[in-house]
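Text of entry22.txt (compact mmCIF, C-alpha atoms) as supplied:
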# COMPACT_ATOMS: atom_id res chain seq x y z
CA MET A 210 -20.57 -52.49 -4.96
CA ARG A 211 -20.17 -49.53 -7.34
CA LYS A 212 -22.02 -47.24 -4.89
CA THR A 213 -19.70 -48.35 -2.08
CA SER A 214 -16.65 -47.55 -4.22
CA ILE A 215 -17.95 -44.05 -4.91
CA VAL A 216 -18.54 -43.42 -1.20
CA ILE A 217 -15.05 -44.65 -0.34
CA GLY A 218 -13.56 -42.46 -3.10
CA VAL A 219 -15.33 -39.37 -1.80
CA ALA A 220 -14.20 -40.15 1.73
CA ILE A 221 -10.59 -40.53 0.61
CA ALA A 222 -10.74 -37.22 -1.28
CA ALA A 223 -12.25 -35.48 1.75
CA PHE A 224 -9.58 -36.98 4.01
CA ALA A 225 -6.84 -35.88 1.63
CA ALA A 226 -8.16 -32.32 1.56
CA GLY A 227 -8.48 -32.27 5.34
CA SER A 228 -5.00 -33.72 5.72
CA ALA A 229 -3.50 -31.05 3.45
CA ALA A 230 -5.27 -28.33 5.45
CA ALA A 231 -4.01 -29.83 8.70
CA GLU A 232 -0.44 -29.61 7.41
CA THR A 233 -0.76 -25.97 6.31
CA ARG A 234 -0.39 -23.38 9.04
CA GLY A 235 -3.44 -21.14 9.49
CA VAL A 236 -5.68 -23.40 7.40
CA THR A 237 -8.45 -25.71 8.57
CA PRO A 238 -11.32 -27.25 6.58
CA THR A 239 -13.51 -24.34 7.74
CA GLU A 240 -11.18 -21.34 8.14
CA VAL A 241 -8.11 -19.46 6.88
CA VAL A 242 -6.39 -17.22 9.43
CA PHE A 243 -4.49 -14.12 8.33
CA GLY A 244 -2.40 -11.68 10.35
CA MET A 245 -1.98 -7.93 10.07
CA HIS A 246 0.53 -5.85 11.99
CA THR A 247 -0.36 -2.18 11.65
CA ASP A 248 -0.55 1.15 13.45
CA LEU A 249 -3.67 1.64 15.55
CA SER A 250 -2.22 4.15 18.01
CA GLY A 251 0.82 5.94 16.54
CA VAL A 252 1.68 8.56 13.93
CA ALA A 253 0.21 6.49 11.07
CA ALA A 254 -2.92 5.36 12.91
CA THR A 255 -5.22 7.03 10.38
CA TYR A 256 -3.83 4.60 7.80
CA GLY A 257 -3.68 1.62 10.13
CA VAL A 258 -7.22 1.86 11.45
CA SER A 259 -8.79 2.52 8.05
CA SER A 260 -6.77 -0.12 6.18
CA SER A 261 -7.60 -2.76 8.80
CA ASN A 262 -11.25 -1.78 8.42
CA GLY A 263 -10.89 -2.19 4.66
CA VAL A 264 -9.50 -5.70 5.09
CA LYS A 265 -12.25 -6.67 7.53
CA MET A 266 -14.91 -5.24 5.24
CA ARG A 267 -13.83 -7.32 2.24
CA PHE A 268 -13.38 -10.48 4.31
CA ASP A 269 -16.81 -9.97 5.89
CA GLU A 270 -18.36 -9.68 2.43
CA VAL A 271 -16.76 -12.98 1.43
CA ASN A 272 -17.82 -14.69 4.66
CA GLU A 273 -21.41 -13.49 4.34
CA ALA A 274 -21.45 -15.06 0.87
CA GLY A 275 -20.34 -18.42 2.29
CA GLY A 276 -16.56 -18.06 2.29
CA ILE A 277 -14.17 -19.59 -0.23
CA ASN A 278 -14.43 -23.33 -0.83
CA GLY A 279 -16.24 -23.68 2.47
CA ARG A 280 -13.66 -21.71 4.45
CA LYS A 281 -14.34 -18.43 6.26
CA LEU A 282 -11.62 -15.78 6.35
CA LYS A 283 -10.32 -14.45 9.65
CA VAL A 284 -7.82 -11.65 10.27
CA ILE A 285 -5.99 -11.09 13.57
CA ILE A 286 -4.86 -7.47 13.86
CA GLU A 287 -1.95 -6.40 16.07
CA ASP A 288 -1.04 -2.80 16.90
CA GLN A 289 2.63 -1.97 16.32
CA GLY A 290 2.26 1.78 16.80
CA TYR A 291 4.48 2.41 13.75
CA GLN A 292 7.51 1.34 15.80
CA VAL A 293 9.94 -1.34 14.68
CA PRO A 294 10.39 -3.05 18.10
CA LYS A 295 6.62 -3.31 18.53
CA ALA A 296 6.27 -4.57 14.97
CA VAL A 297 8.76 -7.37 15.67
CA GLN A 298 6.78 -8.35 18.78
CA ALA A 299 3.52 -8.29 16.82
CA CYS A 300 5.00 -10.41 14.04
CA ASN A 301 6.36 -12.93 16.53
CA LYS A 302 2.92 -13.31 18.08
CA LEU A 303 1.15 -13.70 14.74
CA ILE A 304 3.72 -16.20 13.49
CA ASN A 305 4.40 -18.30 16.58
CA ARG A 306 1.25 -18.07 18.69
CA ASP A 307 -1.51 -17.46 16.16
CA LYS A 308 0.10 -19.56 13.40
CA VAL A 309 -1.30 -17.32 10.67
CA PHE A 310 -1.36 -18.41 7.05
CA ALA A 311 -0.15 -15.06 5.67
CA PHE A 312 0.21 -11.37 6.49
CA VAL A 313 -2.18 -9.09 4.61
CA ALA A 314 -1.72 -5.30 4.29
CA PRO A 315 0.97 -4.95 6.98
CA LEU A 316 1.92 -1.28 7.46
CA GLY A 317 5.25 0.49 7.19
CA THR A 318 8.53 0.10 5.33
CA PRO A 319 10.92 -0.49 8.28
CA MET A 320 8.31 -2.59 10.08
CA ASN A 321 7.86 -4.95 7.14
CA ASN A 322 11.60 -5.14 6.55
CA ALA A 323 12.16 -6.07 10.20
CA CYS A 324 9.72 -9.00 10.01
CA PHE A 325 10.71 -10.53 6.69
CA LYS A 326 13.48 -12.88 7.84
CA GLU A 327 11.43 -14.73 10.45
CA GLN A 328 8.16 -14.83 8.55
CA PHE A 329 9.74 -16.15 5.36
CA SER A 330 11.76 -18.75 7.27
CA VAL A 331 8.48 -20.39 8.36
CA GLY A 332 6.63 -19.84 5.08
CA VAL A 333 4.34 -16.88 5.85
CA PRO A 334 3.62 -14.82 2.69
CA ASN A 335 3.63 -11.01 2.79
CA LEU A 336 0.62 -9.77 0.84
CA PHE A 337 0.16 -6.19 -0.40
CA PRO A 338 1.85 -4.22 2.38
CA LEU A 339 1.05 -0.55 2.95
CA SER A 340 4.51 0.47 1.85
CA ALA A 341 5.67 1.20 -1.66
CA ALA A 342 9.33 0.50 -0.97
CA ARG A 343 11.09 -1.69 -3.50
CA SER A 344 12.00 -4.10 -0.72
CA MET A 345 8.34 -5.15 -0.71
CA TYR A 346 9.04 -7.09 -3.93
CA GLU A 347 12.83 -6.99 -4.36
CA PRO A 348 14.99 -8.99 -4.16
CA TYR A 349 12.79 -11.75 -5.55
CA GLU A 350 11.15 -13.85 -2.86
CA ARG A 351 8.29 -16.14 -3.82
CA LEU A 352 6.38 -15.17 -0.66
CA LYS A 353 6.32 -11.44 -1.50
CA PHE A 354 3.42 -9.92 -3.44
CA TYR A 355 3.04 -6.19 -4.04
CA GLY A 356 0.41 -4.71 -6.33
CA ALA A 357 1.34 -1.15 -7.30
CA ALA A 358 4.02 1.36 -8.29
CA SER A 359 6.90 1.78 -5.85
CA TYR A 360 7.89 5.14 -4.36
CA VAL A 361 10.80 5.12 -6.80
CA ASP A 362 8.44 4.46 -9.76
CA GLN A 363 6.09 7.22 -8.61
CA VAL A 364 8.75 9.86 -8.05
CA ARG A 365 10.51 9.10 -11.33
CA ALA A 366 7.25 9.43 -13.25
CA GLY A 367 6.41 12.72 -11.53
CA ILE A 368 9.84 14.28 -12.08
CA ASP A 369 9.80 13.17 -15.71
CA TYR A 370 6.47 14.96 -16.19
CA PHE A 371 7.56 18.20 -14.53
CA VAL A 372 10.90 18.41 -16.34
CA LYS A 373 9.53 17.56 -19.79
CA THR A 374 6.15 19.31 -19.52
CA LYS A 375 6.79 22.20 -17.13
CA GLY A 376 10.45 22.84 -17.95
CA LYS A 377 11.72 22.32 -14.40
CA LYS A 378 15.51 22.43 -14.10
CA ALA A 379 16.40 22.87 -10.43
CA VAL A 380 15.14 19.78 -8.58
CA CYS A 381 15.49 19.57 -4.81
CA VAL A 382 14.46 16.87 -2.33
CA MET A 383 13.00 17.23 1.18
CA TYR A 384 12.68 13.85 2.86
CA GLN A 385 12.25 11.98 6.11
CA ASP A 386 15.50 10.44 7.29
CA THR A 387 13.87 7.00 7.23
CA ASP A 388 13.77 3.98 4.93
CA PHE A 389 10.71 5.53 3.28
CA GLY A 390 12.26 8.95 2.76
CA LYS A 391 15.45 7.48 1.34
CA GLU A 392 13.41 5.55 -1.24
CA VAL A 393 12.00 8.85 -2.49
CA LEU A 394 15.49 10.33 -2.57
CA GLU A 395 16.73 7.33 -4.58
CA GLY A 396 13.95 7.80 -7.10
CA ALA A 397 14.83 11.48 -7.51
CA VAL A 398 18.53 10.66 -7.95
CA GLU A 399 17.78 7.99 -10.57
CA GLN A 400 15.44 10.15 -12.65
CA THR A 401 17.46 13.37 -12.58
CA LYS A 402 20.53 11.39 -13.63
CA LYS A 403 18.56 9.85 -16.50
CA LEU A 404 17.38 13.30 -17.60
CA GLY A 405 20.88 14.75 -17.41
CA ILE A 406 20.16 17.25 -14.64
CA LYS A 407 21.41 17.46 -11.07
CA ILE A 408 19.67 17.62 -7.72
CA VAL A 409 20.44 21.15 -6.55
CA GLU A 410 19.89 20.65 -2.82
CA THR A 411 18.46 18.21 -0.27
CA SER A 412 17.06 18.50 3.24
CA ALA A 413 16.45 15.61 5.64
CA HIS A 414 14.32 15.67 8.76
CA LYS A 415 12.95 13.43 11.49
CA PRO A 416 9.31 12.30 11.21
CA THR A 417 8.64 14.11 14.50
CA ASP A 418 10.05 17.50 13.40
CA GLN A 419 7.54 20.34 13.54
CA ASP A 420 9.40 23.49 12.47
CA PHE A 421 10.47 23.60 8.81
CA THR A 422 11.45 27.27 8.54
CA ALA A 423 15.18 26.53 8.31
CA PRO A 424 14.99 23.81 5.63
CA ILE A 425 12.56 25.86 3.53
CA THR A 426 14.94 28.83 3.75
CA LYS A 427 17.83 26.56 2.74
CA LEU A 428 15.97 25.19 -0.29
CA ARG A 429 14.77 28.62 -1.35
CA SER A 430 18.32 29.96 -1.26
CA ALA A 431 19.37 27.08 -3.53
CA GLY A 432 16.94 28.28 -6.22
CA CYS A 433 14.78 25.13 -6.38
CA ASP A 434 11.94 25.18 -8.89
CA LEU A 435 10.65 21.68 -7.97
CA ILE A 436 10.79 20.14 -4.49
CA VAL A 437 10.26 16.38 -4.35
CA MET A 438 8.77 15.42 -0.98
CA GLY A 439 9.69 12.22 0.85
CA THR A 440 7.03 13.08 3.41
CA ILE A 441 3.66 11.81 4.60
CA VAL A 442 0.93 13.97 6.15
CA ARG A 443 1.96 16.59 8.71
CA ASP A 444 5.49 16.93 7.33
CA SER A 445 3.95 17.65 3.93
CA ILE A 446 1.46 20.24 5.15
CA VAL A 447 3.76 22.30 7.38
CA PRO A 448 6.66 22.84 4.91
CA TYR A 449 4.31 23.65 2.05
CA THR A 450 2.27 26.19 3.99
CA THR A 451 5.49 27.63 5.47
CA ALA A 452 6.86 28.25 1.97
CA ARG A 453 3.66 29.82 0.70
CA LYS A 454 3.29 32.06 3.75
CA ALA A 455 6.86 33.25 3.19
CA GLY A 456 5.87 34.32 -0.33
CA TRP A 457 7.71 31.53 -2.13
CA THR A 458 5.24 30.83 -4.92
CA ASP A 459 7.42 30.11 -7.97
CA VAL A 460 8.21 26.55 -6.89
CA ASP A 461 6.15 23.35 -7.16
CA PHE A 462 6.02 20.63 -4.50
CA LEU A 463 5.61 16.99 -5.54
CA GLY A 464 5.00 14.08 -3.17
CA SER A 465 4.65 10.33 -3.62
CA ALA A 466 1.42 8.44 -3.01
CA ALA A 467 2.20 8.83 0.70
CA VAL A 468 0.94 12.45 0.48
CA TYR A 469 -2.15 11.50 -1.54
CA ASP A 470 -4.35 11.64 1.51
CA LEU A 471 -7.69 13.23 2.32
CA VAL A 472 -6.15 15.11 5.26
CA VAL A 473 -3.46 16.66 3.07
CA GLY A 474 -5.96 17.66 0.40
CA ALA A 475 -8.39 19.21 2.87
CA ALA A 476 -5.80 21.06 4.97
CA GLN A 477 -5.91 24.84 4.79
CA GLY A 478 -3.34 26.37 2.46
CA MET A 479 -2.59 23.23 0.39
CA GLU A 480 -3.96 24.58 -2.90
CA GLY A 481 -1.62 23.68 -5.76
CA PHE A 482 0.22 20.89 -3.95
CA TYR A 483 0.99 17.84 -6.12
CA GLY A 484 1.10 14.14 -5.31
CA MET A 485 1.21 10.84 -7.14
CA GLY A 486 -2.00 8.78 -6.92
CA LEU A 487 -2.71 5.09 -7.38
CA THR A 488 -6.53 4.99 -7.22
CA GLU A 489 -9.57 7.25 -7.05
CA MET A 490 -9.85 9.15 -3.79
CA PRO A 491 -12.86 7.87 -1.78
CA TYR A 492 -15.02 10.98 -1.87
CA VAL A 493 -18.64 10.54 -0.87
CA ASP A 494 -19.76 12.32 -4.05
CA SER A 495 -17.38 10.47 -6.35
CA LYS A 496 -18.50 10.27 -9.97
CA VAL A 497 -17.33 6.64 -10.04
CA ALA A 498 -20.35 4.58 -9.00
CA SER A 499 -18.33 1.73 -7.43
CA VAL A 500 -16.32 4.20 -5.35
CA LYS A 501 -19.44 6.01 -4.18
CA LYS A 502 -21.04 2.72 -3.13
CA PHE A 503 -17.89 1.70 -1.27
CA VAL A 504 -17.91 4.97 0.67
CA GLU A 505 -21.57 4.51 1.59
CA ASP A 506 -21.09 0.87 2.65
CA TYR A 507 -17.95 1.65 4.65
CA LYS A 508 -19.58 4.53 6.52
CA LYS A 509 -22.62 2.39 7.27
CA LYS A 510 -20.41 -0.38 8.64
CA PHE A 511 -17.88 1.68 10.62
CA ASN A 512 -19.77 4.95 11.19
CA VAL A 513 -16.91 7.02 9.76
CA ASP A 514 -15.84 8.15 6.29
CA PRO A 515 -13.08 6.06 4.67
CA ASN A 516 -9.72 7.51 3.70
CA ILE A 517 -7.23 6.24 1.14
CA GLY A 518 -5.93 3.69 3.64
CA ALA A 519 -9.33 1.99 3.60
CA VAL A 520 -9.05 1.71 -0.18
CA TYR A 521 -5.61 0.11 0.05
CA GLY A 522 -6.78 -2.35 2.71
CA TYR A 523 -9.86 -3.34 0.73
CA VAL A 524 -7.85 -3.90 -2.46
CA ALA A 525 -5.21 -5.91 -0.56
CA ALA A 526 -7.93 -8.16 0.83
CA ASP A 527 -9.64 -8.50 -2.55
CA LEU A 528 -6.41 -9.53 -4.28
CA THR A 529 -5.86 -12.06 -1.52
CA VAL A 530 -9.36 -13.40 -2.14
CA GLN A 531 -8.56 -13.81 -5.85
CA GLY A 532 -5.48 -15.84 -4.96
CA LEU A 533 -7.50 -18.08 -2.63
CA LYS A 534 -10.12 -18.69 -5.29
CA ASN A 535 -7.44 -19.59 -7.82
CA ALA A 536 -5.78 -21.95 -5.33
CA GLY A 537 -8.81 -24.26 -5.23
CA LYS A 538 -10.22 -26.33 -2.39
CA ASP A 539 -6.94 -28.08 -1.56
CA LEU A 540 -5.37 -24.99 -0.01
CA THR A 541 -1.65 -25.27 0.71
CA LEU A 542 1.15 -22.74 0.63
CA ASP A 543 2.20 -23.97 -2.81
CA SER A 544 -1.31 -23.94 -4.26
CA PHE A 545 -1.83 -20.43 -2.91
CA ILE A 546 1.41 -19.15 -4.45
CA LYS A 547 0.31 -20.61 -7.78
CA GLY A 548 -3.11 -19.01 -7.27
CA MET A 549 -1.52 -15.62 -6.73
CA GLU A 550 0.71 -16.05 -9.76
CA ALA A 551 -2.41 -16.83 -11.82
CA ILE A 552 -3.89 -13.35 -11.22
CA LYS A 553 -4.08 -11.62 -14.60
CA HIS A 554 -5.82 -8.46 -15.83
CA TYR A 555 -7.15 -7.67 -12.35
CA HIS A 556 -9.02 -4.37 -11.94
CA ASP A 557 -10.16 -3.05 -8.58
CA ILE A 558 -13.30 -0.98 -8.00
CA PHE A 559 -11.30 2.24 -7.52
CA ASN A 560 -9.92 2.73 -11.05
CA GLY A 561 -6.51 1.47 -9.98
CA PRO A 562 -3.98 0.14 -12.50
CA GLU A 563 -4.33 -3.31 -14.03
CA VAL A 564 -2.54 -5.91 -11.90
CA ASN A 565 -0.75 -8.96 -13.28
CA PHE A 566 1.44 -11.53 -11.56
CA GLY A 567 3.38 -14.54 -12.79
CA PRO A 568 5.97 -17.14 -11.73
CA ASN A 569 8.70 -14.48 -11.58
CA ILE A 570 6.56 -11.35 -11.24
CA ARG A 571 6.02 -9.97 -7.73
CA GLN A 572 5.19 -6.34 -8.54
CA GLY A 573 1.74 -6.38 -10.09
CA ALA A 574 1.71 -2.85 -11.55
CA ASN A 575 4.05 0.13 -11.83
CA SER A 576 1.99 3.10 -13.03
CA SER A 577 0.72 6.09 -11.05
CA PHE A 578 -0.89 9.40 -11.99
CA LEU A 579 -0.26 13.01 -11.06
CA ALA A 580 -2.89 14.67 -8.86
CA GLU A 581 -3.22 18.24 -7.59
CA VAL A 582 -5.06 19.82 -4.68
CA LYS A 583 -7.78 22.12 -5.99
CA ASP A 584 -10.50 23.62 -3.79
CA GLY A 585 -9.61 21.28 -0.94
CA ARG A 586 -9.84 18.10 -3.04
CA TRP A 587 -7.44 15.92 -4.98
CA GLN A 588 -8.00 16.04 -8.73
CA ARG A 589 -6.26 14.00 -11.41
CA VAL A 590 -3.94 15.96 -13.67
CA THR A 591 -2.67 13.16 -15.92
CA ASP A 592 -3.49 9.71 -17.16
CA PRO A 593 -1.39 6.91 -15.61
CA LEU A 594 2.35 7.52 -15.98
CA GLY A 595 4.86 4.71 -16.05
CA PHE A 596 7.98 3.31 -17.65
For this file, produce the structure as structure tokens.
Amino acid sequence: MRKTSIVIGVAIAAFAAGSAAAETRGVTPTEVVFGMHTDLSGVAATYGVSSSNGVKMRFDEVNEAGGINGRKLKVIIEDQGYQVPKAVQACNKLINRDKVFAFVAPLGTPMNNACFKEQFSVGVPNLFPLSAARSMYEPYERLKFYGAASYVDQVRAGIDYFVKTKGKKAVCVMYQDTDFGKEVLEGAVEQTKKLGIKIVETSAHKPTDQDFTAPITKLRSAGCDLIVMGTIVRDSIVPYTTARKAGWTDVDFLGSAAVYDLVVGAAQGMEGFYGMGLTEMPYVDSKVASVKKFVEDYKKKFNVDPNIGAVYGYVAADLTVQGLKNAGKDLTLDSFIKGMEAIKHYHDIFNGPEVNFGPNIRQGANSSFLAEVKDGRWQRVTDPLGF
């Protein structure tokens, strides 16, 4: 009789777990399905392809080890070409057709912003987007989780360093006329105001602009001694090399983590360019053993060297894995949120900042470090800077 009771009890527990999974979108007793809208074909494809590879790599590692509580992890990746209309279409598919549990490492500030309303209305969390805009964690939304310093945090820390350490007084801003660029501008406005100095001049451009002679001439005439860059890759390289070729050498250029990219560091003429970093750069000869192993494993798996996007994707997936482990076998939206909030003192394999979440904490870290291009490589200049 006692044996029968035990069997019945186990069966009831199994049924309850299965029932909970059946009621949670994207979750079955054997699988958790995630979605990722990213750029595989547009101007940010180098980030989109590598970050999606990073997510797949970490999920594959987990699956090869047996999954989490018996469930394998699956990610459905949709190309949005770094265009808002395509991002909305991709989000609609992932939400309504694929019924994903959560989005992991979705790319782009305006693209994420455009998807928030619908995804949150049906209970789809947004996990560690490849955007450092404050809207990724503000205003508070229990389904938002972001793990690093925002563009505003990064720019403020960088300006603070240059003004206090290098004696900079004439700060200017060159930025994309986009949600991203305006975040950088906001950070510069906030920090210069705090320091009691003014922004001398600004220059806005479209992401597709190719000739920066006029804006560089404008900023030079204004007497800038520090130019804060709300730019990404090409629109960082061209203005900087244009200024240096014109003989303007007594000015420093500072970008956010968006410029902290292998392509920018390796481009001809970028010596002395500054950017804010979040993690170690994935160089094949890195002195950090875990980074070196990651580079080797990534290249073996995808037959190409990783860039910083691969690092961000891998970390996003790993943080997601921590949340799933903390949630336990009875995986529901509520248990997952509690599992994410339980992440404390997390350290990635890339020397990134410590990450901590909590019931009211949706930004896991806020420090970044200053890096400089030297001999075609990014090198750290400071320890982590923060507020």
(message) List as a ChimeraX atom specification the protein and nucleic acid residues near Gly474 in chain A, meaning an atom at most 7 Å away when only C-alpha atoms are counted, but skip any in the same chain fewer than 3 places from it.
(response) /A:470-471,479,582,585-587
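With all atoms listed in the file as the atoms that count, the residue of A:Lys353, A:Lys508, A:Lys403, A:His554 with the shortest distance to Ala366 in chain A is A:Lys403.
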(request) Write out as a PyMOL selection string which residues come within 9 Å of Ile406 in chain A when counting only C-alpha atoms, dropping same-chain ones fewer than 5 positions away. (result) chain A and resi 378-380+400-401
Since we have the selection now, will you write its residues out, keeping C-alpha atoms, as an mmCIF file, keeping the file's coordinate frame?
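Saved to result.cif:
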data_model
loop_
_atom_site.group_PDB
_atom_site.id
_atom_site.type_symbol
_atom_site.label_atom_id
_atom_site.label_comp_id
_atom_site.auth_asym_id
_atom_site.auth_seq_id
_atom_site.Cartn_x
_atom_site.Cartn_y
_atom_site.Cartn_z
ATOM 1 C CA LYS A 378 15.510 22.430 -14.100
ATOM 2 C CA ALA A 379 16.400 22.870 -10.430
ATOM 3 C CA VAL A 380 15.140 19.780 -8.580
ATOM 4 C CA GLN A 400 15.440 10.150 -12.650
ATOM 5 C CA THR A 401 17.460 13.370 -12.580
#
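As for CA of His246 in chain A and CA of Val493 in chain A, they are spaced 28.3 Å apart.
For the pair CA of Ser412 in chain A and CA of Leu463 in chain A, the interatomic distance is 14.5 Å.
If only C-alpha atoms are the atoms counted, then among A:Val513, A:Leu542, A:Ile446, A:Val284 the closest residue to Pro334 in chain A is A:Leu542.
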(request) Fewer than 2 positions away in the same chain doesn't count, so skip those; otherwise give me all residues within 8 Å of range 432-445 of chain A, counting only C-alpha atoms, as number ranges by chain. (result) A: 364, 377-385, 389-394, 397, 409-410, 416, 418-419, 428-430, 447-449, 459-465, 467-468, 470, 472-473
(request) Using CA of Asn301 in chain A and CA of Ser340 in chain A as the two end points, give the distance in Å to one decimal. (result) 20.0 Å
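Shortest atom-to-atom contact with Thr237 in chain A among A:Asn278, A:Ser576, A:Ser259, A:Thr411: A:Asn278, counting all atoms listed in the file.
Considering the residues A:Leu352, A:Ile570, A:Leu249, A:Cys324 and counting only C-alpha atoms, Phe310 in chain A has its shortest atom-to-atom contact with A:Leu352.
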(request) Give as a PyMOL selection string each residue that has an atom at most 10 Å from (-9.5, -0.6, -7.7) in the file, counting all atoms listed in the file. (result) chain A and resi 487-489+499-500+520-521+523-525+527+555-564
(request) Identify, on the basis of only C-alpha atoms, every residue whose closest approach to Asn321 in chain A does not exceed 12 Å; exclude the query and any residue fewer than 5 positions from it along the same chain; express the result as a PyMOL selection string. (result) chain A and resi 245-247+289+291-297+299-300+312-316+326-329+334-346+353+388-389
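Considering only C-alpha atoms, the residue among A:Asp506, A:Asp420, A:Glu240, A:Asp584 positioned nearest to Asn262 in chain A is A:Asp506.
Residue nearest Asp592 in chain A within the list A:Gly367, A:Gly573, A:Val372, A:Leu404: A:Gly367 [criterion: smallest interatomic distance, all atoms listed in the file].
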(request) Do a neighbour search on Lys281 in chain A at 10 Å with all atoms listed in the file, toss out local chain neighbours closer than 2 positions, and write the hits as a PyMOL selection string. (result) chain A and resi 237-242+268-269+271-279+283
